Amino acid sequence: MDRRRHVLICGGAGYIGSHMVRALVEKGWEPVVFDNLSTGHHESVQHEGVTLIRGDLMDKQSLRRVFAEYSFDAVAHFAGLIAVGESVLSPLTYYQNNVAGTLNLVEVMVESHVLRLVFSSTAAVYGNPGTEPIPENHPCLPLNPYGHSKLMVETILEDCCQAYGLRSVALRYFNAAGAHPSGEIGEAHASETHLIPLCIRAAMGTGPELKIFGDDYLTPDGTCIRDYVHVCDLADAHISALEFMDQGPGMHVFNLGNGNGFSVKEVLAAVEKVGGKPVPHRMAQRRAGDAAVLVADSSRARRELGWRPRYSDIETIVRHAWNWHMQQKFGGE
Ligand code: UFG
């Protein structure tokens, strides 16, 4: 590819988006980040070659101005609310942000003849699946408004591909984890709910003891099993998806996971091994809405996108996350 290509990254200041921005810069693309900074961080995209525009997908006029100013080859859409529990309490907020926000984006894309979109979807679309590993053609029965909102967008994109010649790839992430190997960017959620950062904070003494949500599941050690996938591997898949859309119009869905399941207790043990410190913890009640086992069949992404995860080992994923947390704790000293 000889020409530098412009890509709009909605939600590019967030956890996964900011890793994608780094990957794009490394590949010679020119990312323009559009982010309302409600959960993202401007420091995460302060990097040479990156433009940050503060704006909200609910504001269609500001989106129109951005599309008028730049000539985009494609859009990657990471912006959205992601907390499952919160989505149950505030479904309207989730549908507004995740569905109505995306409708605005796609409308302005179609108006502007920018017809390539990579969309951040989720394994939450499967609900409580009956098989493992889960292929993309498994029935989708989300258990909460978050999962419903992502599935609704997938349906909308499919219809827009038919009607307007849109090219779209929806990537269903399993459990995004880890941090950039440089230690410069990582998972910085203001109110953290994810297992690996919570284990690390407990071990470092910067957070409370970990509560293990249930040890009476039908799994070998009784705790839930998840498929943890490195955030830089997710970013790589997005780059491949951008290139994949050169092949033609249509909607394509890919799972992204390593195909290896780790229980909560196994993750806790990996954090203790990597950090060399115990993770203070106690048993707690099951968390509502948790499936026992979620493991991806990502063979389609390997086959069609040529996706090859670089950091599939759980200890590497945890080590990168640990290094980033160390930077946060001691980086300024
Ligand atoms: N867990 C604990 N204690 C905690 C936090 C988590 O035991 O304090 C357990 C959970 O019960 C679960 C596992 O650790 O079994 C992983 O939980 P996370 O909250 O880290 O991740 P989830 O699997 O719940 O959710 C992730 C994404 C969601 C996405 C979902 C798709 O964060 O956005 O995967 O399955 F919807």
# chains A, B, ... in the order shown; residues from 1 in each chain; ligands from 1
$ select_by_dssp --residues "range 112-284 of chain A" --states "strand (DSSP E)" --output "MDAnalysis selection string"
chainID A and resid 116:122 167:173 175:177 210:213 225:226 228:230 250:256 262:263 281:284
$ residues_near_ligand --ligand "ligand 1" --cutoff "7 Å" --atoms "only C-alpha atoms and all ligand atoms" --output "list in words"
Ile82, Ala83, Val84, Thr122, Ala123, Ala124, Gly147, Phe174, Asn175, Ala176, Thr193, His194, Leu195, Ile196, Leu198, Leu210, Lys211, Ile212, Phe213, Gly214, Thr223, Cys224, Ile225, Arg226, Val264, Arg286, Arg287, Asp290 and Leu294 of chain A
$ write_last_selection --atoms "N, CA and C atoms" --output "mmCIF file, in the first residue's frame"
data_model
loop_
_atom_site.group_PDB
_atom_site.id
_atom_site.type_symbol
_atom_site.label_atom_id
_atom_site.label_comp_id
_atom_site.auth_asym_id
_atom_site.auth_seq_id
_atom_site.Cartn_x
_atom_site.Cartn_y
_atom_site.Cartn_z
ATOM 1 N N ILE A 82 -20.271 -0.432 27.686
ATOM 2 C CA ILE A 82 -19.910 -1.860 27.687
ATOM 3 C C ILE A 82 -20.235 -2.614 28.974
ATOM 4 N N ALA A 83 -20.832 -1.932 29.963
ATOM 5 C CA ALA A 83 -21.024 -2.625 31.246
ATOM 6 C C ALA A 83 -22.360 -3.367 31.258
ATOM 7 N N VAL A 84 -22.270 -4.682 31.320
ATOM 8 C CA VAL A 84 -23.462 -5.530 31.237
ATOM 9 C C VAL A 84 -24.463 -5.186 32.348
ATOM 10 N N THR A 122 -19.571 -8.327 20.152
ATOM 11 C CA THR A 122 -19.213 -8.992 21.400
ATOM 12 C C THR A 122 -19.738 -10.420 21.462
ATOM 13 N N ALA A 123 -19.072 -11.239 22.250
ATOM 14 C CA ALA A 123 -19.562 -12.594 22.513
ATOM 15 C C ALA A 123 -20.864 -12.566 23.315
ATOM 16 N N ALA A 124 -21.198 -11.401 23.888
ATOM 17 C CA ALA A 124 -22.453 -11.297 24.653
ATOM 18 C C ALA A 124 -23.672 -11.502 23.755
ATOM 19 N N GLY A 147 -25.893 -6.809 25.200
ATOM 20 C CA GLY A 147 -25.788 -7.796 24.120
ATOM 21 C C GLY A 147 -26.829 -7.545 23.039
ATOM 22 N N PHE A 174 -14.291 -11.876 22.409
ATOM 23 C CA PHE A 174 -14.512 -12.593 23.661
ATOM 24 C C PHE A 174 -13.921 -11.707 24.772
ATOM 25 N N ASN A 175 -13.055 -12.176 25.660
ATOM 26 C CA ASN A 175 -12.660 -11.304 26.772
ATOM 27 C C ASN A 175 -11.375 -10.542 26.457
ATOM 28 N N ALA A 176 -11.538 -9.295 26.036
ATOM 29 C CA ALA A 176 -10.381 -8.444 25.727
ATOM 30 C C ALA A 176 -9.555 -8.258 27.000
ATOM 31 N N THR A 193 -14.732 -3.395 36.191
ATOM 32 C CA THR A 193 -15.510 -4.593 36.532
ATOM 33 C C THR A 193 -14.815 -5.858 36.027
ATOM 34 N N HIS A 194 -13.716 -5.716 35.271
ATOM 35 C CA HIS A 194 -13.118 -6.872 34.603
ATOM 36 C C HIS A 194 -12.138 -7.624 35.491
ATOM 37 N N LEU A 195 -12.100 -8.932 35.259
ATOM 38 C CA LEU A 195 -11.384 -9.822 36.179
ATOM 39 C C LEU A 195 -9.883 -9.528 36.291
ATOM 40 N N ILE A 196 -9.182 -9.441 35.160
ATOM 41 C CA ILE A 196 -7.713 -9.349 35.237
ATOM 42 C C ILE A 196 -7.271 -8.061 35.937
ATOM 43 N N LEU A 198 -8.881 -6.318 38.064
ATOM 44 C CA LEU A 198 -9.276 -6.385 39.483
ATOM 45 C C LEU A 198 -8.328 -7.288 40.272
ATOM 46 N N LEU A 210 -10.345 -9.472 45.757
ATOM 47 C CA LEU A 210 -11.186 -9.936 44.659
ATOM 48 C C LEU A 210 -12.317 -10.790 45.204
ATOM 49 N N LYS A 211 -13.516 -10.551 44.682
ATOM 50 C CA LYS A 211 -14.637 -11.452 44.982
ATOM 51 C C LYS A 211 -14.768 -12.412 43.820
ATOM 52 N N ILE A 212 -14.716 -13.704 44.094
ATOM 53 C CA ILE A 212 -14.924 -14.692 43.027
ATOM 54 C C ILE A 212 -16.429 -14.959 42.949
ATOM 55 N N PHE A 213 -17.004 -14.612 41.787
ATOM 56 C CA PHE A 213 -18.455 -14.686 41.647
ATOM 57 C C PHE A 213 -18.909 -16.113 41.346
ATOM 58 N N GLY A 214 -18.958 -16.934 42.361
ATOM 59 C CA GLY A 214 -19.529 -18.276 42.237
ATOM 60 C C GLY A 214 -18.491 -19.357 41.989
ATOM 61 N N THR A 223 -15.567 -22.519 38.905
ATOM 62 C CA THR A 223 -15.643 -21.094 38.544
ATOM 63 C C THR A 223 -15.796 -20.956 37.022
ATOM 64 N N CYS A 224 -16.254 -19.786 36.603
ATOM 65 C CA CYS A 224 -16.582 -19.571 35.178
ATOM 66 C C CYS A 224 -15.336 -19.586 34.304
ATOM 67 N N ILE A 225 -15.530 -20.051 33.089
ATOM 68 C CA ILE A 225 -14.432 -20.152 32.126
ATOM 69 C C ILE A 225 -14.642 -19.134 31.002
ATOM 70 N N ARG A 226 -13.556 -18.402 30.683
ATOM 71 C CA ARG A 226 -13.614 -17.397 29.618
ATOM 72 C C ARG A 226 -12.408 -17.541 28.698
ATOM 73 N N VAL A 264 -11.822 -18.616 36.456
ATOM 74 C CA VAL A 264 -11.466 -17.472 37.317
ATOM 75 C C VAL A 264 -10.290 -17.857 38.209
ATOM 76 N N ARG A 286 -22.858 -15.881 42.875
ATOM 77 C CA ARG A 286 -22.803 -15.742 41.409
ATOM 78 C C ARG A 286 -23.224 -14.320 41.009
ATOM 79 N N ARG A 287 -22.650 -13.807 39.926
ATOM 80 C CA ARG A 287 -23.079 -12.520 39.379
ATOM 81 C C ARG A 287 -24.180 -12.800 38.352
ATOM 82 N N ASP A 290 -24.044 -14.185 34.246
ATOM 83 C CA ASP A 290 -22.794 -14.815 33.813
ATOM 84 C C ASP A 290 -23.052 -16.202 33.236
ATOM 85 N N LEU A 294 -17.564 -19.548 28.129
ATOM 86 C CA LEU A 294 -17.610 -18.843 26.831
ATOM 87 C C LEU A 294 -16.243 -18.977 26.182
#
$ residues_around --residues "Cys161 in chain A" --least-positions-apart "5" --cutoff "12 Å" --atoms "only C-alpha atoms" --output "NGL selection string"
:A and (106 or 110 or 115-117 or 154-156 or 166-169 or 245 or 248-252)
$ write_last_selection --atoms "C-alpha atoms" --output "compact mmCIF listing (two decimals), in the first residue's frame"
# COMPACT_ATOMS: atom_id res chain seq x y z
CA VAL A 106 -23.97 5.00 9.36
CA VAL A 110 -23.79 6.72 3.53
CA LEU A 115 -18.89 2.64 2.73
CA ARG A 116 -16.48 0.57 4.84
CA LEU A 117 -17.12 -0.07 8.51
CA GLU A 154 -25.28 -6.13 13.44
CA THR A 155 -28.79 -6.49 11.95
CA ILE A 156 -28.87 -2.82 10.94
CA LEU A 166 -21.98 -0.90 2.57
CA ARG A 167 -19.05 -3.20 3.33
CA SER A 168 -18.99 -4.17 6.96
CA VAL A 169 -17.17 -6.52 9.32
CA MET A 245 -13.33 -5.20 2.92
CA GLY A 248 -16.41 -6.41 -2.01
CA PRO A 249 -19.72 -5.41 -0.44
CA GLY A 250 -21.49 -7.40 2.23
CA MET A 251 -21.63 -8.02 5.96
CA HIS A 252 -19.24 -10.47 7.60
$ residues_around --residues "Val153 in chain A" --least-positions-apart "4" --cutoff "9 Å" --atoms "only C-alpha atoms" --output "list in words"
Asn98, Val99, Thr102, Leu103, Phe119, Ser121, His148, Ser149, Leu157 and Glu158 of chain A
$ write_last_selection --atoms "C-alpha atoms" --output "short mmCIF file (atom, residue, chain, number, x, y, z; two decimals), in the first residue's frame"
data_model
loop_
_atom_site.label_atom_id
_atom_site.label_comp_id
_atom_site.auth_asym_id
_atom_site.auth_seq_id
_atom_site.Cartn_x
_atom_site.Cartn_y
_atom_site.Cartn_z
CA ASN A 98 -25.02 1.95 21.13
CA VAL A 99 -27.88 1.78 18.64
CA THR A 102 -24.45 3.96 15.36
CA LEU A 103 -27.49 4.89 13.24
CA PHE A 119 -17.81 -2.70 14.07
CA SER A 121 -19.38 -6.54 18.54
CA HIS A 148 -29.12 -6.87 22.48
CA SER A 149 -27.78 -3.45 21.47
CA LEU A 157 -25.49 -3.16 9.25
CA GLU A 158 -26.63 -6.22 7.35
#
$ residues_around --residues "range 308-313 of chain A" --least-positions-apart "2" --cutoff "7 Å" --atoms "only C-alpha atoms" --output "list of chain:residue names"
A:Val229, A:His230, A:Asp233, A:Asn258, A:Arg302, A:Gly306, A:Glu315, A:Thr316, A:Ile317
$ residues_around --residues "Pro145 in chain A" --least-positions-apart "5" --cutoff "8 Å" --atoms "only C-alpha atoms" --output "ChimeraX atom specification"
/A:84,87-88,91,94-95
$ select_by_dssp --residues "range 35-158 of chain A" --states "alpha helix (DSSP H)" --output "PyMOL selection string"
chain A and resi 60-69+84-89+91-94+101-111+145-158
$ write_last_selection --atoms "N, CA and C atoms" --output "compact mmCIF listing (two decimals), in the first residue's frame"
# COMPACT_ATOMS: atom_id res chain seq x y z
N LYS A 60 -25.21 14.66 15.18
CA LYS A 60 -25.01 14.32 13.77
C LYS A 60 -24.30 15.45 13.00
N GLN A 61 -24.58 16.71 13.41
CA GLN A 61 -23.95 17.83 12.69
C GLN A 61 -22.44 17.81 12.85
N SER A 62 -21.99 17.49 14.06
CA SER A 62 -20.52 17.49 14.25
C SER A 62 -19.90 16.32 13.47
N LEU A 63 -20.63 15.22 13.37
CA LEU A 63 -20.14 14.12 12.53
C LEU A 63 -20.04 14.56 11.07
N ARG A 64 -21.07 15.28 10.62
CA ARG A 64 -21.07 15.74 9.21
C ARG A 64 -19.86 16.64 8.95
N ARG A 65 -19.53 17.48 9.93
CA ARG A 65 -18.38 18.38 9.75
C ARG A 65 -17.09 17.57 9.60
N VAL A 66 -16.96 16.51 10.41
CA VAL A 66 -15.75 15.69 10.34
C VAL A 66 -15.66 15.00 8.97
N PHE A 67 -16.77 14.47 8.51
CA PHE A 67 -16.75 13.79 7.20
C PHE A 67 -16.51 14.78 6.06
N ALA A 68 -16.91 16.05 6.26
CA ALA A 68 -16.67 17.06 5.22
C ALA A 68 -15.20 17.46 5.20
N GLU A 69 -14.57 17.43 6.37
CA GLU A 69 -13.18 17.90 6.46
C GLU A 69 -12.18 16.86 5.96
N VAL A 84 -22.27 -4.68 31.32
CA VAL A 84 -23.46 -5.53 31.24
C VAL A 84 -24.46 -5.19 32.35
N GLY A 85 -24.00 -5.10 33.59
CA GLY A 85 -24.88 -4.85 34.74
C GLY A 85 -25.58 -3.50 34.61
N GLU A 86 -24.81 -2.49 34.21
CA GLU A 86 -25.36 -1.15 34.05
C GLU A 86 -26.43 -1.14 32.95
N SER A 87 -26.23 -1.97 31.92
CA SER A 87 -27.18 -1.99 30.80
C SER A 87 -28.54 -2.52 31.25
N VAL A 88 -28.54 -3.38 32.26
CA VAL A 88 -29.80 -3.92 32.78
C VAL A 88 -30.55 -2.82 33.53
N LEU A 89 -29.80 -1.98 34.23
CA LEU A 89 -30.42 -0.91 35.03
C LEU A 89 -30.83 0.28 34.16
N PRO A 91 -31.39 0.52 30.39
CA PRO A 91 -31.41 0.06 28.99
C PRO A 91 -31.54 1.20 27.99
N LEU A 92 -32.32 2.24 28.34
CA LEU A 92 -32.51 3.32 27.36
C LEU A 92 -31.18 4.00 27.04
N THR A 93 -30.35 4.19 28.06
CA THR A 93 -29.04 4.81 27.84
C THR A 93 -28.23 3.94 26.88
N TYR A 94 -28.33 2.62 27.05
CA TYR A 94 -27.55 1.71 26.20
C TYR A 94 -28.06 1.72 24.76
N GLY A 101 -26.64 5.97 18.34
CA GLY A 101 -25.35 6.57 17.97
C GLY A 101 -24.81 5.95 16.69
N THR A 102 -24.94 4.64 16.57
CA THR A 102 -24.45 3.96 15.36
C THR A 102 -25.30 4.32 14.15
N LEU A 103 -26.62 4.47 14.36
CA LEU A 103 -27.49 4.89 13.24
C LEU A 103 -27.02 6.23 12.68
N ASN A 104 -26.70 7.16 13.57
CA ASN A 104 -26.20 8.47 13.11
C ASN A 104 -24.94 8.30 12.30
N LEU A 105 -24.03 7.49 12.83
CA LEU A 105 -22.75 7.29 12.15
C LEU A 105 -22.97 6.72 10.75
N VAL A 106 -23.78 5.67 10.66
CA VAL A 106 -23.97 5.00 9.36
C VAL A 106 -24.69 5.94 8.39
N GLU A 107 -25.64 6.71 8.92
CA GLU A 107 -26.35 7.66 8.05
C GLU A 107 -25.36 8.65 7.42
N VAL A 108 -24.47 9.20 8.25
CA VAL A 108 -23.51 10.19 7.72
C VAL A 108 -22.50 9.50 6.80
N MET A 109 -22.13 8.27 7.12
CA MET A 109 -21.22 7.53 6.22
C MET A 109 -21.85 7.37 4.84
N VAL A 110 -23.12 6.96 4.82
CA VAL A 110 -23.79 6.72 3.53
C VAL A 110 -23.90 8.04 2.75
N GLU A 111 -24.30 9.10 3.46
CA GLU A 111 -24.38 10.43 2.81
C GLU A 111 -23.04 10.83 2.19
N PRO A 145 -29.46 -5.96 27.86
CA PRO A 145 -29.56 -4.89 26.85
C PRO A 145 -28.24 -4.61 26.15
N TYR A 146 -27.10 -4.78 26.83
CA TYR A 146 -25.81 -4.57 26.16
C TYR A 146 -25.69 -5.51 24.96
N GLY A 147 -25.89 -6.81 25.20
CA GLY A 147 -25.79 -7.80 24.12
C GLY A 147 -26.83 -7.55 23.04
N HIS A 148 -28.07 -7.18 23.47
CA HIS A 148 -29.12 -6.87 22.48
C HIS A 148 -28.70 -5.70 21.61
N SER A 149 -28.12 -4.67 22.24
CA SER A 149 -27.78 -3.45 21.47
C SER A 149 -26.76 -3.79 20.40
N LYS A 150 -25.80 -4.65 20.70
CA LYS A 150 -24.77 -5.01 19.71
C LYS A 150 -25.37 -5.86 18.59
N LEU A 151 -26.28 -6.77 18.96
CA LEU A 151 -26.90 -7.61 17.94
C LEU A 151 -27.81 -6.78 17.03
N MET A 152 -28.51 -5.79 17.63
CA MET A 152 -29.35 -4.91 16.81
C MET A 152 -28.50 -4.18 15.77
N VAL A 153 -27.34 -3.71 16.20
CA VAL A 153 -26.47 -3.00 15.24
C VAL A 153 -26.02 -3.95 14.14
N GLU A 154 -25.68 -5.18 14.49
CA GLU A 154 -25.28 -6.13 13.44
C GLU A 154 -26.40 -6.26 12.39
N THR A 155 -27.65 -6.34 12.87
CA THR A 155 -28.79 -6.49 11.95
C THR A 155 -28.92 -5.25 11.07
N ILE A 156 -28.78 -4.08 11.69
CA ILE A 156 -28.87 -2.82 10.94
C ILE A 156 -27.79 -2.79 9.86
N LEU A 157 -26.59 -3.20 10.22
CA LEU A 157 -25.49 -3.16 9.25
C LEU A 157 -25.76 -4.11 8.08
N GLU A 158 -26.32 -5.27 8.41
CA GLU A 158 -26.63 -6.22 7.35
C GLU A 158 -27.62 -5.60 6.35
$ atom_distance --atom1 "CA of Gly205 in chain A" --atom2 "CA of Gly186 in chain A"
18.5 Å
$ atom_distance --atom1 "CA of Asp221 in chain A" --atom2 "CA of Trp322 in chain A"
24.5 Å
$ closest_residue --among "A:Trp307, A:Tyr15, A:Phe78, A:Trp324" --to "Ile239 in chain A" --atoms "only C-alpha atoms"
A:Trp307
